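Asker: Hey, dropping upload18.txt in here, compact mmCIF, C-alpha atoms:
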# COMPACT_ATOMS: atom_id res chain seq x y z
CA MET A 544 49.54 -64.84 -103.42
CA ILE A 545 46.24 -66.01 -104.89
CA LEU A 546 46.58 -69.40 -103.18
CA SER A 547 47.21 -67.69 -99.86
CA LEU A 548 44.11 -65.54 -100.35
CA ILE A 549 41.98 -68.58 -101.19
CA LEU A 550 43.19 -70.43 -98.08
CA THR A 551 42.44 -67.40 -95.93
CA LEU A 552 38.92 -67.11 -97.35
CA LEU A 553 38.33 -70.84 -96.77
CA SER A 554 39.49 -70.49 -93.19
CA ILE A 555 37.17 -67.55 -92.58
CA THR A 556 34.27 -69.45 -94.18
CA HIS A 557 34.93 -72.46 -91.95
CA LEU A 558 34.99 -70.30 -88.82
CA PHE A 559 31.80 -68.55 -89.87
CA ALA A 560 30.03 -71.85 -90.56
CA SER A 561 31.19 -73.20 -87.19
CA SER A 562 29.80 -70.16 -85.43
CA LEU A 563 26.39 -70.89 -86.97
CA ALA A 564 26.32 -74.43 -85.59
CA THR A 565 24.42 -73.50 -82.45
CA GLY A 566 22.69 -76.77 -81.71
CA PRO A 567 20.71 -79.69 -83.06
CA THR A 568 18.07 -79.42 -85.78
CA CYS A 569 14.77 -80.40 -84.19
CA THR A 570 11.31 -81.23 -85.54
CA THR A 571 8.04 -81.98 -83.77
CA ILE A 572 6.60 -85.35 -84.78
CA SER A 573 3.21 -86.96 -84.11
CA ILE A 574 3.35 -90.75 -83.89
CA PRO A 575 0.19 -92.90 -84.19
CA VAL A 576 0.33 -96.13 -82.17
CA SER A 577 -2.11 -99.01 -81.72
CA ILE A 578 -1.66 -101.05 -78.57
CA SER A 579 -3.03 -103.96 -76.62
CA ALA A 580 -2.08 -104.39 -72.96
CA GLN A 581 -3.27 -105.95 -69.73
CA ASN A 582 -3.83 -103.09 -67.31
CA ALA A 583 -4.75 -103.32 -63.66
CA ARG A 584 -8.32 -104.03 -62.63
CA PHE A 585 -9.17 -101.82 -59.67
CA PRO A 586 -11.64 -102.45 -56.85
CA ALA A 587 -15.15 -101.12 -57.34
CA ASP A 588 -14.58 -98.37 -54.75
CA PHE A 589 -11.49 -97.00 -56.50
CA THR A 590 -12.05 -93.27 -57.02
CA THR A 591 -10.00 -90.42 -58.41
CA THR A 592 -10.90 -88.04 -55.60
CA SER A 593 -9.47 -90.16 -52.81
CA LEU A 594 -5.72 -90.61 -52.73
CA LEU A 595 -6.25 -93.22 -50.04
CA SER A 596 -7.93 -95.32 -52.73
CA VAL A 597 -4.80 -95.07 -54.85
CA VAL A 598 -2.63 -96.26 -52.00
CA GLY A 599 -5.15 -98.85 -50.83
CA ALA A 600 -5.30 -100.39 -54.29
CA LEU A 601 -1.62 -101.32 -54.25
CA GLY A 602 -2.14 -104.56 -52.40
CA ALA A 603 -5.11 -105.69 -54.46
CA VAL A 604 -4.03 -105.08 -58.05
CA VAL A 605 -4.73 -107.74 -60.69
CA PHE A 606 -3.48 -107.08 -64.23
CA ASP A 607 -6.30 -108.62 -66.26
CA SER A 608 -8.09 -105.62 -67.76
CA LEU A 609 -7.46 -105.72 -71.51
CA ILE A 610 -6.94 -102.32 -73.10
CA THR A 611 -6.95 -102.16 -76.90
CA ASP A 612 -6.78 -98.68 -78.36
CA SER A 613 -5.01 -96.21 -80.63
CA TYR A 614 -3.24 -93.06 -79.46
CA THR A 615 -1.10 -90.23 -80.77
CA ILE A 616 2.24 -89.67 -79.09
CA VAL A 617 4.00 -86.36 -79.73
CA GLY A 618 7.76 -86.05 -79.63
CA THR A 619 10.71 -83.96 -80.74
CA TYR A 620 13.24 -85.54 -83.08
CA CYS A 621 16.66 -83.86 -83.21
CA GLU A 622 19.43 -84.37 -85.73
CA PRO A 623 22.80 -83.70 -84.06
CA GLU A 624 24.93 -80.70 -84.90
CA VAL A 625 28.00 -82.95 -85.05
CA LEU A 626 27.78 -85.74 -87.61
CA VAL A 627 29.50 -88.97 -86.60
CA GLU A 628 29.34 -91.60 -89.35
CA GLY A 629 29.08 -94.57 -87.01
CA ARG A 630 26.12 -93.01 -85.15
CA LYS A 631 23.82 -92.24 -88.08
CA GLY A 632 21.83 -95.41 -87.47
CA THR A 633 21.68 -94.96 -83.70
CA VAL A 634 18.94 -93.09 -81.88
CA GLN A 635 18.40 -92.21 -78.24
CA VAL A 636 14.75 -92.50 -77.16
CA LEU A 637 14.21 -90.15 -74.22
CA VAL A 638 11.36 -90.94 -71.81
CA HIS A 639 10.63 -88.47 -69.00
CA GLY A 640 9.41 -89.10 -65.46
CA ALA A 641 6.17 -88.28 -63.65
CA THR A 642 5.08 -84.61 -63.46
CA TYR A 643 7.33 -83.75 -66.41
CA THR A 644 7.12 -83.65 -70.22
CA ARG A 645 9.66 -84.10 -73.00
CA GLY A 646 10.92 -80.63 -72.11
CA TYR A 647 12.79 -82.25 -69.22
CA TRP A 648 15.45 -83.40 -71.68
CA THR A 649 16.27 -79.82 -72.64
CA GLY A 650 16.47 -78.66 -69.03
CA ASP A 651 12.98 -77.13 -69.31
CA GLY A 652 14.53 -74.93 -72.03
CA TYR A 653 16.27 -73.00 -69.26
CA SER A 654 19.90 -73.47 -70.35
CA ASP A 655 21.95 -75.87 -72.46
CA ARG A 656 24.01 -76.76 -69.39
CA TYR A 657 20.98 -78.76 -68.25
CA SER A 658 20.08 -80.16 -71.67
CA TRP A 659 20.60 -83.87 -72.37
CA VAL A 660 19.60 -83.22 -76.00
CA ALA A 661 22.33 -80.60 -76.39
CA ALA A 662 24.96 -82.95 -74.93
CA ALA A 663 23.84 -85.80 -77.19
CA SER A 664 23.91 -83.47 -80.18
CA LYS A 665 27.50 -82.46 -79.50
CA ALA A 666 28.41 -86.15 -79.27
CA GLY A 667 26.73 -86.95 -82.59
CA TYR A 668 23.60 -88.79 -81.41
CA PRO A 669 20.10 -88.26 -82.87
CA THR A 670 17.42 -88.08 -80.16
CA LEU A 671 13.68 -88.65 -79.99
CA ALA A 672 12.17 -87.17 -76.83
CA ILE A 673 8.52 -88.12 -76.38
CA ASP A 674 5.65 -86.93 -74.24
CA ARG A 675 4.47 -90.10 -72.53
CA LEU A 676 0.81 -91.00 -72.89
CA GLY A 677 -1.22 -88.61 -70.74
CA ASN A 678 1.46 -85.92 -70.76
CA GLY A 679 2.31 -82.77 -72.67
CA ASP A 680 1.00 -82.76 -76.24
CA SER A 681 0.25 -86.49 -76.39
CA ASP A 682 -3.25 -87.93 -75.99
CA HIS A 683 -4.84 -87.82 -72.53
CA PRO A 684 -7.09 -90.89 -72.19
CA ASP A 685 -8.78 -92.18 -69.03
CA PRO A 686 -6.35 -91.52 -66.14
CA ILE A 687 -7.43 -94.60 -64.17
CA LEU A 688 -8.24 -97.30 -66.70
CA ALA A 689 -5.84 -96.40 -69.55
CA VAL A 690 -2.81 -94.46 -68.34
CA GLN A 691 -1.01 -97.17 -66.39
CA TYR A 692 2.45 -98.58 -66.82
CA PRO A 693 1.50 -101.64 -68.97
CA VAL A 694 -0.14 -99.46 -71.64
CA GLU A 695 2.78 -97.03 -71.55
CA VAL A 696 5.27 -99.88 -72.04
CA GLU A 697 3.37 -101.09 -75.10
CA THR A 698 3.14 -97.53 -76.45
CA ILE A 699 6.91 -97.17 -76.37
CA HIS A 700 7.40 -100.68 -77.76
CA GLN A 701 5.36 -99.68 -80.82
CA ILE A 702 7.42 -96.52 -81.29
CA ILE A 703 10.66 -98.53 -81.19
CA VAL A 704 9.25 -101.05 -83.70
CA LYS A 705 8.54 -98.14 -86.03
CA LEU A 706 12.00 -96.64 -85.50
CA ARG A 707 13.65 -99.90 -86.52
CA ALA A 708 11.29 -100.49 -89.47
CA GLY A 709 11.49 -96.93 -90.79
CA THR A 710 7.72 -96.45 -90.59
CA LEU A 711 7.51 -93.31 -88.47
CA PRO A 712 5.83 -90.22 -89.99
CA PRO A 713 7.92 -87.49 -91.71
CA PRO A 714 10.64 -86.46 -91.36
CA LEU A 715 11.64 -89.98 -90.25
CA ASN A 716 9.63 -91.98 -92.78
CA GLY A 717 11.95 -94.46 -94.47
CA GLN A 718 14.78 -93.91 -92.01
CA LYS A 719 15.66 -97.13 -90.20
CA PHE A 720 17.63 -97.14 -86.96
CA THR A 721 19.69 -100.24 -86.29
CA LYS A 722 20.61 -99.31 -82.72
CA VAL A 723 18.17 -98.00 -80.13
CA ILE A 724 19.35 -96.55 -76.84
CA TYR A 725 16.56 -96.17 -74.31
CA VAL A 726 17.05 -93.27 -71.90
CA GLY A 727 14.60 -93.01 -69.02
CA HIS A 728 14.28 -90.81 -65.99
CA SER A 729 12.49 -91.88 -62.79
CA TYR A 730 9.12 -93.32 -63.86
CA GLY A 731 10.54 -93.35 -67.40
CA SER A 732 13.28 -95.65 -66.07
CA ILE A 733 10.70 -97.91 -64.42
CA ILE A 734 9.07 -98.20 -67.85
CA GLY A 735 12.49 -98.98 -69.34
CA ASN A 736 12.98 -101.81 -66.85
CA ALA A 737 9.50 -103.14 -67.68
CA LEU A 738 10.17 -102.81 -71.43
CA ALA A 739 13.35 -104.88 -71.07
CA THR A 740 11.31 -107.48 -69.22
CA SER A 741 8.48 -107.81 -71.75
CA HIS A 742 10.34 -106.89 -74.96
CA PRO A 743 14.01 -107.71 -74.35
CA GLN A 744 14.98 -107.28 -78.02
CA ASP A 745 13.70 -103.71 -78.32
CA THR A 746 16.78 -101.85 -77.11
CA ASP A 747 20.52 -102.25 -77.44
CA ALA A 748 21.22 -100.24 -74.30
CA LEU A 749 19.31 -98.93 -71.31
CA LEU A 750 20.34 -95.69 -69.63
CA LEU A 751 18.29 -95.58 -66.45
CA THR A 752 18.57 -92.24 -64.66
CA GLY A 753 17.00 -91.26 -61.34
CA TRP A 754 16.45 -94.97 -60.64
CA SER A 755 17.50 -98.01 -58.68
CA SER A 756 15.88 -101.38 -58.03
CA THR A 757 14.88 -100.19 -54.56
CA PHE A 758 11.80 -98.04 -54.93
CA ILE A 759 10.56 -96.08 -51.94
CA THR A 760 8.13 -98.32 -50.03
CA LEU A 761 6.07 -95.69 -48.28
CA ILE A 762 3.92 -94.40 -51.16
CA PRO A 763 1.77 -92.38 -48.69
CA THR A 764 4.94 -90.52 -47.70
CA VAL A 765 5.48 -89.39 -51.29
CA LEU A 766 1.84 -88.45 -51.87
CA GLY A 767 1.50 -86.72 -48.53
CA THR A 768 4.78 -84.82 -48.71
CA ALA A 769 4.04 -83.57 -52.21
CA VAL A 770 0.37 -82.77 -51.43
CA VAL A 771 -0.85 -84.49 -54.59
CA LEU A 772 -4.28 -83.23 -55.71
CA PRO A 773 -6.34 -83.20 -58.92
CA ALA A 774 -4.54 -80.91 -61.37
CA SER A 775 -7.79 -79.47 -62.75
CA LEU A 776 -8.67 -78.08 -59.33
CA THR A 777 -5.33 -76.46 -58.60
CA LEU A 778 -3.75 -75.26 -61.87
CA PRO A 779 -5.84 -73.40 -64.49
CA ARG A 780 -3.83 -74.81 -67.40
CA PHE A 781 -5.12 -78.29 -66.54
CA LYS A 782 -8.77 -77.31 -66.04
CA SER A 783 -9.99 -79.53 -68.89
CA LEU A 784 -8.39 -82.72 -67.54
CA PRO A 785 -10.36 -85.39 -65.63
CA LEU A 786 -9.89 -85.50 -61.86
CA GLY A 787 -7.60 -88.54 -62.11
CA TYR A 788 -4.82 -86.37 -63.50
CA LEU A 789 -2.91 -85.30 -60.39
CA THR A 790 -0.17 -82.78 -59.67
CA ILE A 791 2.15 -81.74 -56.85
CA ASN A 792 0.97 -78.73 -54.88
CA SER A 793 3.64 -78.33 -52.20
CA GLN A 794 6.76 -76.45 -53.26
CA PRO A 795 8.75 -77.71 -50.22
CA GLY A 796 7.53 -81.23 -50.98
CA PHE A 797 8.55 -80.85 -54.64
CA ARG A 798 11.99 -79.70 -53.51
CA GLY A 799 12.36 -82.56 -51.03
CA LEU A 800 11.48 -85.19 -53.62
CA PHE A 801 13.40 -83.90 -56.64
CA PHE A 802 16.28 -81.69 -55.50
CA ALA A 803 19.28 -81.95 -53.18
CA SER A 804 20.30 -79.32 -50.64
CA PRO A 805 20.47 -75.60 -51.51
CA GLY A 806 23.70 -74.67 -53.26
CA THR A 807 23.59 -77.70 -55.58
CA TYR A 808 21.14 -76.12 -58.04
CA ASP A 809 20.06 -72.76 -59.43
CA PRO A 810 17.15 -71.42 -57.30
CA ALA A 811 15.70 -69.64 -60.34
CA LEU A 812 15.66 -72.91 -62.29
CA PHE A 813 13.94 -74.63 -59.36
CA ASP A 814 11.24 -71.95 -59.27
CA TYR A 815 10.77 -72.25 -63.03
CA ASP A 816 10.62 -76.05 -62.81
CA PHE A 817 7.96 -75.99 -60.09
CA ALA A 818 5.89 -73.37 -61.90
CA ASN A 819 5.86 -75.55 -65.03
CA ARG A 820 5.29 -78.92 -63.33
CA GLY A 821 3.11 -81.49 -65.02
CA THR A 822 0.92 -84.38 -63.95
CA ILE A 823 0.83 -88.01 -62.85
CA THR A 824 -2.30 -90.12 -63.22
CA ALA A 825 -4.05 -92.05 -60.49
CA GLY A 826 -3.52 -95.17 -62.60
CA GLU A 827 0.24 -94.57 -62.73
CA ALA A 828 0.45 -93.91 -59.00
CA ALA A 829 -1.31 -97.19 -58.26
CA THR A 830 0.70 -99.38 -60.67
CA LEU A 831 4.19 -97.90 -61.08
CA ALA A 832 5.74 -99.98 -58.30
CA PHE A 833 4.84 -103.13 -60.25
CA GLY A 834 7.12 -102.04 -63.11
CA VAL A 835 10.29 -102.98 -61.20
CA ASN A 836 10.98 -106.53 -62.40
CA THR A 837 13.82 -108.90 -63.27
CA ALA A 838 14.54 -108.62 -67.01
CA SER A 839 15.80 -112.19 -67.22
CA GLU A 840 16.02 -112.29 -71.04
CA TYR A 841 17.59 -108.88 -71.62
CA THR A 842 21.12 -109.15 -73.05
CA GLY A 843 21.79 -105.52 -73.92
CA LYS A 844 23.89 -103.06 -71.93
CA VAL A 845 22.77 -101.13 -68.85
CA PHE A 846 24.04 -97.93 -67.28
CA VAL A 847 22.35 -96.61 -64.13
CA VAL A 848 22.96 -92.93 -63.39
CA THR A 849 21.39 -91.49 -60.24
CA GLY A 850 22.02 -88.48 -58.01
CA GLU A 851 23.77 -89.29 -54.74
CA ARG A 852 20.95 -87.64 -52.75
CA ASP A 853 18.04 -89.27 -54.60
CA ALA A 854 15.12 -89.17 -52.15
CA ILE A 855 12.95 -91.65 -54.08
CA PHE A 856 15.24 -94.48 -55.17
CA CYS A 857 17.84 -94.34 -52.39
CA ASN A 858 15.43 -93.97 -49.50
CA VAL A 859 13.59 -97.20 -48.73
CA LEU A 860 11.32 -96.02 -45.92
CA GLY A 861 11.03 -92.41 -46.97
CA LEU A 862 12.26 -91.22 -43.59
CA ASN A 863 14.64 -88.68 -45.09
CA ILE A 864 11.72 -87.02 -46.83
CA LEU A 865 9.78 -86.82 -43.57
CA LEU A 866 12.69 -85.76 -41.36
CA GLY A 867 14.82 -83.82 -43.83
CA GLY A 868 13.15 -80.51 -43.14
CA ILE A 869 13.52 -81.02 -39.39
CA LEU A 870 16.90 -82.70 -38.99
CA GLY A 871 18.55 -81.74 -42.28
CA THR A 872 19.08 -85.40 -43.20
CA GLN A 873 19.42 -86.43 -46.83
CA SER A 874 19.27 -89.67 -48.75
CA GLU A 875 22.53 -91.39 -49.65
CA CYS A 876 22.83 -93.70 -52.66
CA GLY A 877 26.20 -95.04 -51.52
CA ASP A 878 28.96 -96.53 -53.63
CA ALA A 879 28.19 -97.17 -57.29
CA GLU A 880 29.26 -100.80 -56.99
CA THR A 881 27.95 -101.80 -53.57
CA GLY A 882 25.17 -99.29 -52.89
CA TYR A 883 21.63 -98.96 -54.21
CA LEU A 884 22.74 -98.64 -57.85
CA GLY A 885 25.14 -101.55 -57.82
CA ARG A 886 22.58 -103.83 -56.23
CA SER A 887 20.26 -103.10 -59.15
CA ARG A 888 22.45 -105.40 -61.23
CA SER A 889 20.31 -108.31 -59.98
CA LEU A 890 17.43 -107.19 -62.21
CA PHE A 891 19.57 -107.70 -65.33
CA PRO A 892 21.26 -111.09 -64.84
CA ARG A 893 22.10 -111.57 -68.54
CA ALA A 894 23.08 -108.00 -69.45
CA SER A 895 26.27 -107.94 -71.52
CA ALA A 896 27.42 -104.92 -69.50
CA PHE A 897 26.18 -103.30 -66.31
CA ASP A 898 27.68 -100.15 -64.84
CA ALA A 899 26.56 -97.39 -62.52
CA PHE A 900 27.49 -93.81 -61.78
CA VAL A 901 26.48 -91.77 -58.75
CA VAL A 902 26.13 -88.11 -59.71
CA PRO A 903 27.74 -86.00 -56.98
CA ASP A 904 25.89 -83.14 -55.28
CA ALA A 905 22.58 -83.95 -56.94
CA GLY A 906 19.09 -85.13 -56.02
CA HIS A 907 16.50 -87.16 -57.90
CA CYS A 908 16.30 -84.78 -60.88
CA TRP A 909 20.09 -84.61 -61.26
CA GLN A 910 19.78 -83.27 -64.80
CA LEU A 911 18.64 -79.97 -63.22
CA HIS A 912 21.61 -79.64 -60.84
CA TYR A 913 24.95 -77.88 -61.31
CA THR A 914 26.76 -81.21 -61.81
CA ALA A 915 24.57 -82.20 -64.77
CA GLU A 916 27.16 -81.35 -67.44
CA LYS A 917 29.75 -83.62 -65.84
CA ALA A 918 27.24 -86.46 -65.74
CA PHE A 919 26.22 -85.88 -69.37
CA GLY A 920 29.87 -86.26 -70.31
CA THR A 921 30.22 -89.45 -68.27
CA VAL A 922 27.15 -90.97 -69.93
CA HIS A 923 28.34 -90.30 -73.46
CA GLU A 924 31.85 -91.49 -72.70
CA TRP A 925 30.30 -94.75 -71.47
CA LEU A 926 28.25 -95.08 -74.65
CA ALA A 927 31.36 -94.57 -76.79
CA LYS A 928 33.27 -97.22 -74.82
CA GLN A 929 30.39 -99.63 -75.37
CA GLY A 930 30.58 -99.16 -79.12
CA PHE A 931 27.65 -96.82 -79.65
Please re-express this file's structure in structure tokens.
Answerer:
Amino acid sequence: MILSLILTLLSITHLFASSLATGPTCTTISIPVSISAQNARFPADFTTTSLLSVVGALGAVVFDSLITDSYTIVGTYCEPEVLVEGRKGTVQVLVHGATYTRGYWTGDGYSDRYSWVAAASKAGYPTLAIDRLGNGDSDHPDPILAVQYPVEVETIHQIIVKLRAGTLPPPLNGQKFTKVIYVGHSYGSIIGNALATSHPQDTDALLLTGWSSTFITLIPTVLGTAVVLPASLTLPRFKSLPLGYLTINSQPGFRGLFFASPGTYDPALFDYDFANRGTITAGEAATLAFGVNTASEYTGKVFVVTGERDAIFCNVLGLNILLGGILGTQSECGDAETGYLGRSRSLFPRASAFDAFVVPDAGHCWQLHYTAEKAFGTVHEWLAKQGF
């Protein structure tokens, strides 16, 4: 009788404890980094007020401007709600795309169904989502001279060095991670490709989302469609930023670039996402295309995960962005093996594994579409199969 009572109480306690496990345990962390990088040297007439200067600089960029500086990068570190012994020493480093912040990885905080962090937590993976340099709570240095892809690559390299050495600030001081999984989205994936090129030993796996090796060639199409203007002149929350910090000002353009057709996403989430959009710098806009390179020495594992209707990385000429509103056409990434994603294999000739997954019924920001949860599951199943 007493034994039966004890077992019943233990069962109730277990159920109660389980009901309290509502998600990961997260902490904000400020990470000091000191970097040295060769940024682009722009022509003398390069200005922040003329987007034509940004586009015109693309053909005349020389990366010989040495930047040596120290910055503070702010991130959110999350311990998973499910503890998996073999994953204690593994961390996912989450790097967002342009016009977003680290909040992208929690679905803008809108719902767990759009949260990469929540999915990783349920699978037992710690995560570190950062605000890239010039975004969110991280430092905002010169938007032309400093915030370019080479400096951002070195910033993340330094963070990964600290993760492996156990030299990050509390609560991670002393905690060494033996496996680092880099997770990028869009511009964050471009940086991941560049990181694998310049620092091939940094990561054990690359998860490149919203990406392919074929970047849209008509940059003016993107800038014009989105109506990109100085953020300080258009959104009061950015009034203190220099003019070289830019933002999207066309809601239809934002939709065309980042989302698939109506019915594939929650309209309320779209409205919320647009209202809380972030920035891209003039320096990033002028140099990001140079981040797509062959990572000839990278021997880790690669998984490319992109929405089937991605208008940026499955749309070479940008015609679907221009004509979509008129003809209803959409981009098409094609088969995972033979389409845009599969052809990206050529950038990782020595990767020990390369796979791709086309997220159905989703655009560029597939993590904010209804099919996100299915894709989250596919990603973490792939990681498990690869031994992570």
Asker: Would you compute the distance between atom CA of Gln635 of chain A and atom CA of Asp809 of chain A? Give it in Å to one decimal.
Answerer: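 Interatomic distance here is 27.1 Å.
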Asker: In Å, with one decimal, what is the gap from atom CA of Pro684 of chain A to atom CA of Leu831 of chain A?
Answerer: 17.3 Å
Asker: When you look at Gly850 of chain A with a cut-off of 7 Å (counting only C-alpha atoms), what residues show up, excluding the ones that are within fewer than 4 positions of it in the same chain? I need them as a list in words.
Answerer: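 After dropping sequence-adjacent residues, the list is Gly753, Val901, Val902, Pro903, Ala905, Gly906, His907 and Trp909 of chain A.
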Asker: Using all atoms listed in the file, can you tell me which of A:Asp814, A:Asp607, A:Glu880, A:Asp853 comes closest to Gly799 of chain A?
Answerer: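 For Gly799 of chain A, the nearest of the given residues is A:Asp853.
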Asker: Quote the spacing between atom CA of Phe720 of chain A and atom CA of Phe931 of chain A in Å to one decimal place.
Answerer: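 Straight-line distance from atom CA of Phe720 of chain A to atom CA of Phe931 of chain A works out to 12.4 Å.
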Asker: Measuring between all atoms listed in the file, which one of A:Thr670, A:Thr807, A:Gln701, A:Gln910 shows the shortest distance to Asp655 of chain A?
Answerer: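 For Asp655 of chain A, the nearest of the candidates is A:Gln910.
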Asker: Neighbouring residues of segment 839-841 of chain A were defined as those with any atom within 7 Å, considering all atoms listed in the file; residues of the same chain fewer than 5 positions away were excluded. Please report them as a tab-separated table (two decimals) with C-alpha atoms, in the coordinates of the input.
Answerer:
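Generated output (out02.tsv):
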chain	number	residue	atom	x	y	z
A	739	ALA	CA	13.35	-104.88	-71.07
A	740	THR	CA	11.31	-107.48	-69.22
A	743	PRO	CA	14.01	-107.71	-74.35
A	891	PHE	CA	19.57	-107.70	-65.33
A	892	PRO	CA	21.26	-111.09	-64.84
A	893	ARG	CA	22.10	-111.57	-68.54
A	894	ALA	CA	23.08	-108.00	-69.45
Asker: Taking only C-alpha atoms into account, which of A:Thr824, A:Ser804, A:Thr757, A:Ser577 comes nearest Leu786 of chain A?
Answerer: A:Thr824
Asker: Which residue is closest to Phe802 of chain A? Choose from A:Ile733, A:Cys908, A:Val771, A:Leu784 and count all atoms listed in the file.
Answerer: A:Cys908
Asker: Calculated over only C-alpha atoms, which of the candidates A:Ile702, A:Cys857, A:Leu751, A:Leu776 has the smallest distance to Arg675 of chain A?
Answerer: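 Of all the options, A:Ile702 lies closest to Arg675 of chain A.
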Asker: Have a look at A:Thr822, A:Gln718, A:Thr698, A:Thr568 and name the one nearest to Ala661 of chain A; count all atoms listed in the file.
Answerer: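 Under the stated criterion, the closest residue is A:Thr568.
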Asker: Write out as CSV a residue-level contact list of segment 772-875 of chain A versus segment 721-724 of chain A with cut-off 10 Å: for each qualifying residue the closest pair of atoms and the distance in Å to one decimal, counting all atoms listed in the file, rows sorted by chain and residue number upward.
Answerer:
residue,atom,partner,partner_atom,distance
A:Gly843,CA,A:Ile724,CA,9.7
A:Lys844,CA,A:Ile724,CA,9.3
A:Val845,CA,A:Ile724,CA,9.8
Asker: Tell me which protein, DNA and RNA residues are within 12 Å of Asn716 of chain A, counting only C-alpha atoms, leaving out same-chain ones fewer than 2 positions away, and put them as a count of residues only.
Answerer: 16
Asker: Take the point (-1.9, -98.7, -61.3) in the file's coordinates, draw a sphere of radius 8 Å around it, and report as a PyMOL selection string every protein, DNA or RNA residue with an atom inside or on it, counting all atoms listed in the file.
Answerer: chain A and resi 582-583+597+600-601+604+687+691-692+825-831
Asker: Residues within 6 Å of Gly618 of chain A, please, as a PDB file with C-alpha atoms, in the frame of the given file. Count only C-alpha atoms; anything in the same chain fewer than 4 positions from it doesn't count.
Answerer:
ATOM      1  CA  THR A 571       8.040 -81.980 -83.770  1.00  0.00           C
ATOM      2  CA  ILE A 572       6.600 -85.350 -84.780  1.00  0.00           C
ATOM      3  CA  ALA A 672      12.170 -87.170 -76.830  1.00  0.00           C
ATOM      4  CA  ILE A 673       8.520 -88.120 -76.380  1.00  0.00           C
ATOM      5  CA  ASP A 674       5.650 -86.930 -74.240  1.00  0.00           C
TER       6      ASP A 674
END
Asker: Pull segment 908-912 of chain A out of the block and emit all heavy atoms, as a short mmCIF file (atom, residue, chain, number, x, y, z; two decimals), in the first residue's frame.
Answerer:
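Contents of out_11.cif, as written:
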data_model
loop_
_atom_site.label_atom_id
_atom_site.label_comp_id
_atom_site.auth_asym_id
_atom_site.auth_seq_id
_atom_site.Cartn_x
_atom_site.Cartn_y
_atom_site.Cartn_z
N CYS A 908 12.53 33.54 -46.64
CA CYS A 908 12.51 33.40 -45.17
C CYS A 908 11.60 32.23 -44.79
O CYS A 908 10.53 32.39 -44.19
CB CYS A 908 12.04 34.69 -44.51
SG CYS A 908 13.22 36.05 -44.69
N TRP A 909 12.03 31.01 -45.14
CA TRP A 909 11.16 29.84 -44.96
C TRP A 909 10.87 29.57 -43.49
O TRP A 909 9.84 28.95 -43.16
CB TRP A 909 11.76 28.61 -45.63
CG TRP A 909 13.09 28.11 -45.12
CD1 TRP A 909 14.29 28.29 -45.70
CD2 TRP A 909 13.32 27.31 -43.95
NE1 TRP A 909 15.28 27.66 -44.98
CE2 TRP A 909 14.71 27.06 -43.90
CE3 TRP A 909 12.50 26.79 -42.95
CZ2 TRP A 909 15.30 26.30 -42.88
CZ3 TRP A 909 13.08 26.04 -41.93
CH2 TRP A 909 14.46 25.81 -41.89
N GLN A 910 11.74 30.04 -42.60
CA GLN A 910 11.49 29.83 -41.17
C GLN A 910 10.23 30.53 -40.69
O GLN A 910 9.73 30.24 -39.60
CB GLN A 910 12.70 30.31 -40.35
CG GLN A 910 13.95 29.46 -40.50
CD GLN A 910 14.87 29.91 -41.62
OE1 GLN A 910 14.45 30.62 -42.54
NE2 GLN A 910 16.14 29.53 -41.55
N LEU A 911 9.69 31.45 -41.49
CA LEU A 911 8.49 32.21 -41.12
C LEU A 911 7.27 31.76 -41.93
O LEU A 911 6.28 32.48 -42.00
CB LEU A 911 8.74 33.71 -41.32
CG LEU A 911 9.95 34.28 -40.56
CD1 LEU A 911 10.07 35.78 -40.83
CD2 LEU A 911 9.85 34.01 -39.07
N HIS A 912 7.34 30.56 -42.52
CA HIS A 912 6.22 30.01 -43.28
C HIS A 912 5.60 28.83 -42.52
O HIS A 912 6.18 28.30 -41.57
CB HIS A 912 6.70 29.55 -44.66
CG HIS A 912 7.02 30.68 -45.59
ND1 HIS A 912 8.06 31.55 -45.39
CD2 HIS A 912 6.43 31.07 -46.77
CE1 HIS A 912 8.10 32.43 -46.37
NE2 HIS A 912 7.12 32.17 -47.22
#
